[in-house]
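Working notes for the structure below.
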Amino acid sequence: MKGLLARVGLDRPELRAWAMYDWANSAFQTTVITAVFPRFFSDYAAAGLTPVQATARFAWLSTIGAIVIALLGPPLGAFADARAAKKKMLAVSIAFGVTATFLMVFIDRGDWLYAGGVFLLGNVAITASFVFYDSLLPHIARHEEMDRVSTAGYALGYIGGGILLVINLVWILMPARFGLPSSVAAIKLTFASVAVWWLIFSIPLFRRVPEPRAVLTASARPIRDTFGTVWRTFGELRGYRQAFLMLIAFLLYNDGIQTMIKMSSIYGAEAGIDANAQIAAYIVVQFVGIPFSFIFGALAGRIGAKPSLFIALVVYTGISVLGYFMTTTWHFFALAFLVGMVQGGSQALSRSLFARMIPKEKSSEYFGFFSVFEKFAGIAGPALFAASVTMFGSSRAAVLSVILFFVLGAIVLTRVDVAAGEAEAAAVT
């Protein structure tokens, strides 16, 4: 067992505790963000609105949440890094997220404004938590361990989110067997279960992962100094041209990926895909993602991370085209399988490719910025999706509009010279 843990990058208690937060928070991402809440919002919370109106409102909620956290994330991350408050800020984020998730239990039929409010708070909270969570990685893992530890976190996230989603699916499919009066009651129970899951499985991180030292001394002007740190780090990053280009490419194509994740359920609802079938399809994504994350890692070892990313972007473009023609449940399952093939691998390779093009001694600062771009991508995509739905009166055209982000991201990625980026980073180490 010890040898196996060493091979997957989890041979020390603090590494296992850190990775368990992926297990903890993935329940919110799979059950709430992706599988259950969008359809619940469309069918129940937004009852009285047309399907197109419900889709547009949900898209705008996603956009607003991304904008809020994009504005707050960098200064909060810089403050936590400077004042040795990563774990404290993470705890606050989890508290807000868990509370917002539990408050979803009290959503009434047609109360789309309240539902949107608690969903927005939960989204902002979980995205903020990633800023502090990801920034802990360089402090607990050695440079040569980061890829394995990060990949293990993704794998645990897929497993943990998948397990709870299976349990939730059983509740929703057979509510009477569990003493629940309706599927709506079962869905509300899933929200409560996500809140408890998120809270309980976050505990190991706080017990085992040490708080990194502050990088700044106490200041009488903490807010001003925090914003100064953000701008200074961003200015330094722009000096590493290849790493900065990689970051821009990632921001573009990840915007498309995040839009797909956020809008797939409500688009499926508009296309007439049964809610239970949708949840089952998301379980497929979870468990397909585990082996294919490792497959993409092996592929990158053979042909390189950059060519492997291009393969993933081609698959994502194909998913958008096929999604336009989706009409049946098996179409939805086929798309889910394709998403599971590339989702984890594309995220992991983007992270490792960026890591190779930044100076090692500043990896904590720069990975903090990378985390912000990774998790906050999704501002333009849902906005374009919502605008397309409003303009054309259907989500089918909006699905095709997502291709723009994959194309633009791929174009910028072609400009990234990995060898030159590695040389730039090596020159300062």
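Ligands are numbered from 1 in the order shown, residues from 1 within each chain, and chains are lettered A, B, ... in the order they appear in the structure tokens.
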
Please provide as a PDB file with C-alpha atoms, in the first residue's frame all residues within 12 Å of Pro13 in chain A, with the sequence filter that same-chain residues fewer than 3 positions apart are discarded (counting only C-alpha atoms).
```pdb
ATOM      1  CA  LYS A   2       2.845   2.399   0.841  1.00  0.00           C
ATOM      2  CA  LEU A   5       0.620   5.641  -2.434  1.00  0.00           C
ATOM      3  CA  ALA A   6       4.126   6.749  -3.381  1.00  0.00           C
ATOM      4  CA  GLY A   9       1.887  10.958  -5.040  1.00  0.00           C
ATOM      5  CA  LEU A  10       0.071  10.446  -1.731  1.00  0.00           C
ATOM      6  CA  ARG A  16      -3.406  12.818   1.413  1.00  0.00           C
ATOM      7  CA  ALA A  17      -5.133  15.421   3.584  1.00  0.00           C
ATOM      8  CA  TRP A  18      -4.651  18.118   0.935  1.00  0.00           C
ATOM      9  CA  ALA A  19      -6.003  15.886  -1.848  1.00  0.00           C
ATOM     10  CA  MET A  20      -9.048  15.014   0.254  1.00  0.00           C
ATOM     11  CA  ILE A 140       3.518  20.666   0.855  1.00  0.00           C
ATOM     12  CA  ALA A 141       4.797  18.998  -2.339  1.00  0.00           C
ATOM     13  CA  PRO A 204      -8.356  16.393   7.237  1.00  0.00           C
ATOM     14  CA  LEU A 205      -6.786  19.373   5.459  1.00  0.00           C
ATOM     15  CA  PHE A 206      -7.119  21.558   8.536  1.00  0.00           C
ATOM     16  CA  ARG A 207      -5.689  18.833  10.768  1.00  0.00           C
ATOM     17  CA  ARG A 208      -2.708  17.752   8.676  1.00  0.00           C
ATOM     18  CA  VAL A 209      -1.678  20.579   6.331  1.00  0.00           C
ATOM     19  CA  PRO A 210       0.455  23.266   8.019  1.00  0.00           C
TER      20      PRO A 210
END
```

Q: Would you kindly return, as a ChimeraX atom specification, each protein, DNA or RNA residue with an atom no farther than 10 Å from any atom of Val124 in chain A, considering only C-alpha atoms and excluding same-chain residues fewer than 5 positions away?
A: /A:62,64-70,72-73,93,96-97,118-119,129,376

Restricting it to N, CA and C atoms, dump the selection as a PDB file, in the first residue's frame.
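In the end it all went to out.pdb:
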```
ATOM      1  N   SER A  62     -24.537  32.592 -13.674  1.00  0.00           N
ATOM      2  CA  SER A  62     -23.181  32.060 -13.793  1.00  0.00           C
ATOM      3  C   SER A  62     -22.199  33.165 -14.140  1.00  0.00           C
ATOM      4  N   ILE A  64     -22.517  36.467 -13.524  1.00  0.00           N
ATOM      5  CA  ILE A  64     -22.352  37.381 -12.392  1.00  0.00           C
ATOM      6  C   ILE A  64     -21.425  36.774 -11.340  1.00  0.00           C
ATOM      7  N   GLY A  65     -21.614  35.494 -11.055  1.00  0.00           N
ATOM      8  CA  GLY A  65     -20.763  34.837 -10.073  1.00  0.00           C
ATOM      9  C   GLY A  65     -19.306  34.854 -10.488  1.00  0.00           C
ATOM     10  N   ALA A  66     -19.037  34.603 -11.772  1.00  0.00           N
ATOM     11  CA  ALA A  66     -17.656  34.612 -12.259  1.00  0.00           C
ATOM     12  C   ALA A  66     -17.045  35.999 -12.152  1.00  0.00           C
ATOM     13  N   ILE A  67     -17.825  37.024 -12.450  1.00  0.00           N
ATOM     14  CA  ILE A  67     -17.318  38.399 -12.364  1.00  0.00           C
ATOM     15  C   ILE A  67     -16.982  38.761 -10.920  1.00  0.00           C
ATOM     16  N   VAL A  68     -17.869  38.407  -9.985  1.00  0.00           N
ATOM     17  CA  VAL A  68     -17.641  38.736  -8.573  1.00  0.00           C
ATOM     18  C   VAL A  68     -16.349  38.107  -8.066  1.00  0.00           C
ATOM     19  N   ILE A  69     -16.164  36.836  -8.330  1.00  0.00           N
ATOM     20  CA  ILE A  69     -14.985  36.160  -7.805  1.00  0.00           C
ATOM     21  C   ILE A  69     -13.735  36.575  -8.553  1.00  0.00           C
ATOM     22  N   ALA A  70     -13.854  36.949  -9.821  1.00  0.00           N
ATOM     23  CA  ALA A  70     -12.688  37.434 -10.565  1.00  0.00           C
ATOM     24  C   ALA A  70     -12.189  38.749  -9.987  1.00  0.00           C
ATOM     25  N   LEU A  72     -12.723  39.708  -6.702  1.00  0.00           N
ATOM     26  CA  LEU A  72     -12.328  39.514  -5.309  1.00  0.00           C
ATOM     27  C   LEU A  72     -11.163  38.547  -5.145  1.00  0.00           C
ATOM     28  N   GLY A  73     -11.045  37.583  -6.052  1.00  0.00           N
ATOM     29  CA  GLY A  73     -10.079  36.506  -5.880  1.00  0.00           C
ATOM     30  C   GLY A  73      -8.632  36.927  -5.762  1.00  0.00           C
ATOM     31  N   SER A  93     -14.311  30.491   3.386  1.00  0.00           N
ATOM     32  CA  SER A  93     -14.943  30.152   2.111  1.00  0.00           C
ATOM     33  C   SER A  93     -15.814  28.904   2.241  1.00  0.00           C
ATOM     34  N   PHE A  96     -19.097  29.700   4.148  1.00  0.00           N
ATOM     35  CA  PHE A  96     -20.096  30.336   3.290  1.00  0.00           C
ATOM     36  C   PHE A  96     -20.678  29.335   2.296  1.00  0.00           C
ATOM     37  N   GLY A  97     -19.824  28.508   1.701  1.00  0.00           N
ATOM     38  CA  GLY A  97     -20.300  27.553   0.703  1.00  0.00           C
ATOM     39  C   GLY A  97     -21.220  26.503   1.282  1.00  0.00           C
ATOM     40  N   VAL A 118     -28.787  31.966  -3.496  1.00  0.00           N
ATOM     41  CA  VAL A 118     -27.995  30.991  -2.732  1.00  0.00           C
ATOM     42  C   VAL A 118     -27.046  30.225  -3.660  1.00  0.00           C
ATOM     43  N   PHE A 119     -27.473  29.980  -4.889  1.00  0.00           N
ATOM     44  CA  PHE A 119     -26.590  29.326  -5.856  1.00  0.00           C
ATOM     45  C   PHE A 119     -25.391  30.221  -6.170  1.00  0.00           C
ATOM     46  N   SER A 129     -12.539  29.289  -2.504  1.00  0.00           N
ATOM     47  CA  SER A 129     -11.807  28.270  -1.745  1.00  0.00           C
ATOM     48  C   SER A 129     -10.672  27.669  -2.562  1.00  0.00           C
ATOM     49  N   PHE A 376     -11.773  31.049 -12.535  1.00  0.00           N
ATOM     50  CA  PHE A 376     -12.625  32.192 -12.855  1.00  0.00           C
ATOM     51  C   PHE A 376     -12.928  32.294 -14.347  1.00  0.00           C
TER      52      PHE A 376
END
```

Q.
Using only C-alpha atoms, can you tell me which of A:Asn168, A:Gln343, A:Ser388, A:Thr127 comes closest to Phe287 in chain A?
A.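 Checking each of A:Asn168, A:Gln343, A:Ser388, A:Thr127 against Phe287 in chain A, counting only C-alpha atoms, the winner is A:Gln343.
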
If you take only C-alpha atoms and a cut-off of 9 Å, which residues of range 271-349 of chain A touch range 23-38 of chain A, and what are their nearest atom pairs and distances in Å to one decimal, in chain and number order, as JSON lines?
```
{"residue": "A:Ala275", "atom": "CA", "partner": "A:Val36", "partner_atom": "CA", "distance": 7.9}
{"residue": "A:Gln278", "atom": "CA", "partner": "A:Ala35", "partner_atom": "CA", "distance": 6.7}
{"residue": "A:Ile279", "atom": "CA", "partner": "A:Ala35", "partner_atom": "CA", "distance": 5.3}
{"residue": "A:Ala280", "atom": "CA", "partner": "A:Ala35", "partner_atom": "CA", "distance": 8.7}
{"residue": "A:Ala281", "atom": "CA", "partner": "A:Ala35", "partner_atom": "CA", "distance": 8.7}
{"residue": "A:Tyr282", "atom": "CA", "partner": "A:Ala35", "partner_atom": "CA", "distance": 6.3}
{"residue": "A:Ile283", "atom": "CA", "partner": "A:Thr30", "partner_atom": "CA", "distance": 8.6}
{"residue": "A:Gln286", "atom": "CA", "partner": "A:Thr30", "partner_atom": "CA", "distance": 8.4}
```

Using only C-alpha atoms, please write the residues we just selected to a file, as a CSV table (one decimal), in the first residue's frame.
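As a result, out37.csv now contains:
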```csv
chain,number,residue,atom,x,y,z
A,275,ALA,CA,-33.4,14.6,-15.4
A,278,GLN,CA,-28.8,13.5,-17.1
A,279,ILE,CA,-27.6,12.6,-13.6
A,280,ALA,CA,-26.6,9.1,-14.8
A,281,ALA,CA,-24.7,10.7,-17.7
A,282,TYR,CA,-22.7,12.9,-15.2
A,283,ILE,CA,-21.8,9.7,-13.3
A,286,GLN,CA,-16.9,11.1,-13.3
```

Q: Return the single residue from A:Ala300, A:Val288, A:Ala383, A:Ile411 that is closest to Arg57 in chain A, with distances computed using only C-alpha atoms.
A: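 When distances to Arg57 in chain A are compared using only C-alpha atoms, the smallest one comes from A:Ala383.
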
Q. Please, which residues of range 118-351 of chain A, numbered as in this document, come out alpha helix (DSSP H) from DSSP, as an NGL selection string?
A. :A and (118-140 or 146-173 or 183-200 or 203-208 or 222-238 or 241-270 or 275-303 or 305-324 or 329-351)

Q) Residues at most 10 Å from Tyr267 in chain A, counting only C-alpha atoms, excluding those fewer than 2 positions away in the same chain, as a list in words? A)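 Within the cut-off, the hits are Pro38, Arg39, Ser42, Pro51, Val52, Thr55, Met260, Lys262, Met263, Ser264, Ser265, Ala269, Glu270, Ala271, Gly272, Ile273, Gly323, Ser394, Ser395, Arg396, Ala398 and Val399 of chain A.
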
Q: Using only C-alpha atoms, find the one residue out of A:Leu189, A:Pro382, A:Ile311, A:Leu120 that sits nearest to Val170 in chain A.
A: A:Leu189

Q. CA of Ser352 in chain A and CA of Val407 in chain A are how many Å apart?
A.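 We find that CA of Ser352 in chain A and CA of Val407 in chain A lie 21.4 Å from each other.
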
Q.
Give me the residues near range 150-155 of chain A as a list in words, where near means some atom within 7 Å (using only C-alpha atoms) and where sequence neighbours in that chain fewer than 2 positions away do not count.
A. Val8, Gly9, Ala19, Asp22, Met146, Asp147, Arg148, Gly157, Tyr158, Ile159, Ile290, Gly344 and Ala348 of chain A

Q) A:Ile403, A:Ala186, A:Val285, A:Met341: which is nearest Thr259 in chain A, counting only C-alpha atoms? A)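 Once distances to Thr259 in chain A are computed over only C-alpha atoms, the minimum belongs to A:Ile403.
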
Which residues come within 10 Å of Met326 in chain A, counting only C-alpha atoms, excluding same-chain residues fewer than 3 positions away, as a CSV table (one decimal) with C-alpha atoms, in the first residue's frame?
```
chain,number,residue,atom,x,y,z
A,268,GLY,CA,-30.3,19.1,-21.8
A,271,ALA,CA,-33.8,19.5,-25.4
A,273,ILE,CA,-33.5,14.9,-21.8
A,320,SER,CA,-20.1,21.3,-29.4
A,321,VAL,CA,-21.0,20.3,-33.0
A,322,LEU,CA,-22.5,17.0,-31.9
A,323,GLY,CA,-24.4,18.9,-29.1
A,329,THR,CA,-30.9,10.4,-24.5
A,330,TRP,CA,-28.2,8.2,-26.0
A,331,HIS,CA,-26.8,11.2,-27.7
A,332,PHE,CA,-26.4,12.9,-24.3
A,334,ALA,CA,-22.3,9.7,-25.9
A,335,LEU,CA,-21.4,13.4,-25.3
A,396,ARG,CA,-28.8,25.2,-30.0
```

What lies within 10 Å of Ala249 in chain A using only C-alpha atoms, ignoring chain neighbours under 4 positions off, as an mmCIF file with C-alpha atoms, in the first residue's frame?
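Okay, this is what ended up in selection-v5.cif:
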```cif
data_model
loop_
_atom_site.group_PDB
_atom_site.id
_atom_site.type_symbol
_atom_site.label_atom_id
_atom_site.label_comp_id
_atom_site.auth_asym_id
_atom_site.auth_seq_id
_atom_site.Cartn_x
_atom_site.Cartn_y
_atom_site.Cartn_z
ATOM 1 C CA ALA A 243 4.062 31.424 -19.625
ATOM 2 C CA PHE A 244 1.838 34.465 -20.063
ATOM 3 C CA LEU A 245 0.726 33.308 -23.517
ATOM 4 C CA TYR A 253 -10.313 27.530 -24.011
ATOM 5 C CA ASN A 254 -11.147 26.955 -20.341
ATOM 6 C CA ASP A 255 -13.911 29.546 -20.725
ATOM 7 C CA SER A 350 -2.602 22.834 -18.669
ATOM 8 C CA PHE A 405 -13.403 29.871 -27.271
ATOM 9 C CA PHE A 406 -11.758 26.594 -28.308
ATOM 10 C CA VAL A 407 -10.614 28.085 -31.618
ATOM 11 C CA LEU A 408 -9.242 31.258 -30.052
ATOM 12 C CA GLY A 409 -7.541 29.296 -27.297
ATOM 13 C CA ALA A 410 -5.934 26.960 -29.817
ATOM 14 C CA ILE A 411 -4.696 29.905 -31.906
ATOM 15 C CA VAL A 412 -2.966 31.459 -28.892
ATOM 16 C CA LEU A 413 -1.620 28.051 -27.848
ATOM 17 C CA THR A 414 0.127 27.720 -31.237
ATOM 18 C CA ARG A 415 2.134 30.815 -30.282
ATOM 19 C CA VAL A 416 3.455 29.208 -27.093
#
```

**Q.** Of the listed residues A:Phe41, A:Gly117, A:Leu136, A:Met174, that which approaches Tyr21 in chain A most closely, counting only C-alpha atoms
**A.** A:Leu136

Q) Between CA of Phe310 in chain A and CA of Ile261 in chain A, what is the distance, to one decimal in Å? A) 19.3 Å

At most 12 Å is the cut-off: for each residue in range 117-208 of chain A with any atom that close to an atom of range 74-80 of chain A, write down the nearest atom pair and the distance in Å rounded to one decimal, counting only C-alpha atoms, chain first then increasing number, as a Markdown table.
```
| residue | atom | partner | partner_atom | distance |
| --- | --- | --- | --- | --- |
| A:Thr127 | CA | A:Gly77 | CA | 11.6 |
| A:Ala128 | CA | A:Leu76 | CA | 8.4 |
| A:Ser129 | CA | A:Gly77 | CA | 9.7 |
| A:Phe130 | CA | A:Gly77 | CA | 9.8 |
| A:Val131 | CA | A:Gly77 | CA | 6.1 |
| A:Phe132 | CA | A:Gly77 | CA | 6.5 |
| A:Tyr133 | CA | A:Gly77 | CA | 10.1 |
| A:Asp134 | CA | A:Gly77 | CA | 10.3 |
| A:Ser135 | CA | A:Gly77 | CA | 8.3 |
| A:Leu136 | CA | A:Ala80 | CA | 10.7 |
```

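Counting from CA of Leu15 in chain A, the distance to CA of Arg213 in chain A is 17.9 Å.
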
Q: Would you mind telling me which residue in A:Ala45, A:Ala277, A:Ala84, A:Ala298 lies nearest to His139 in chain A when using only C-alpha atoms?
A: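 Nearest candidate to His139 in chain A out of A:Ala45, A:Ala277, A:Ala84, A:Ala298: A:Ala84.
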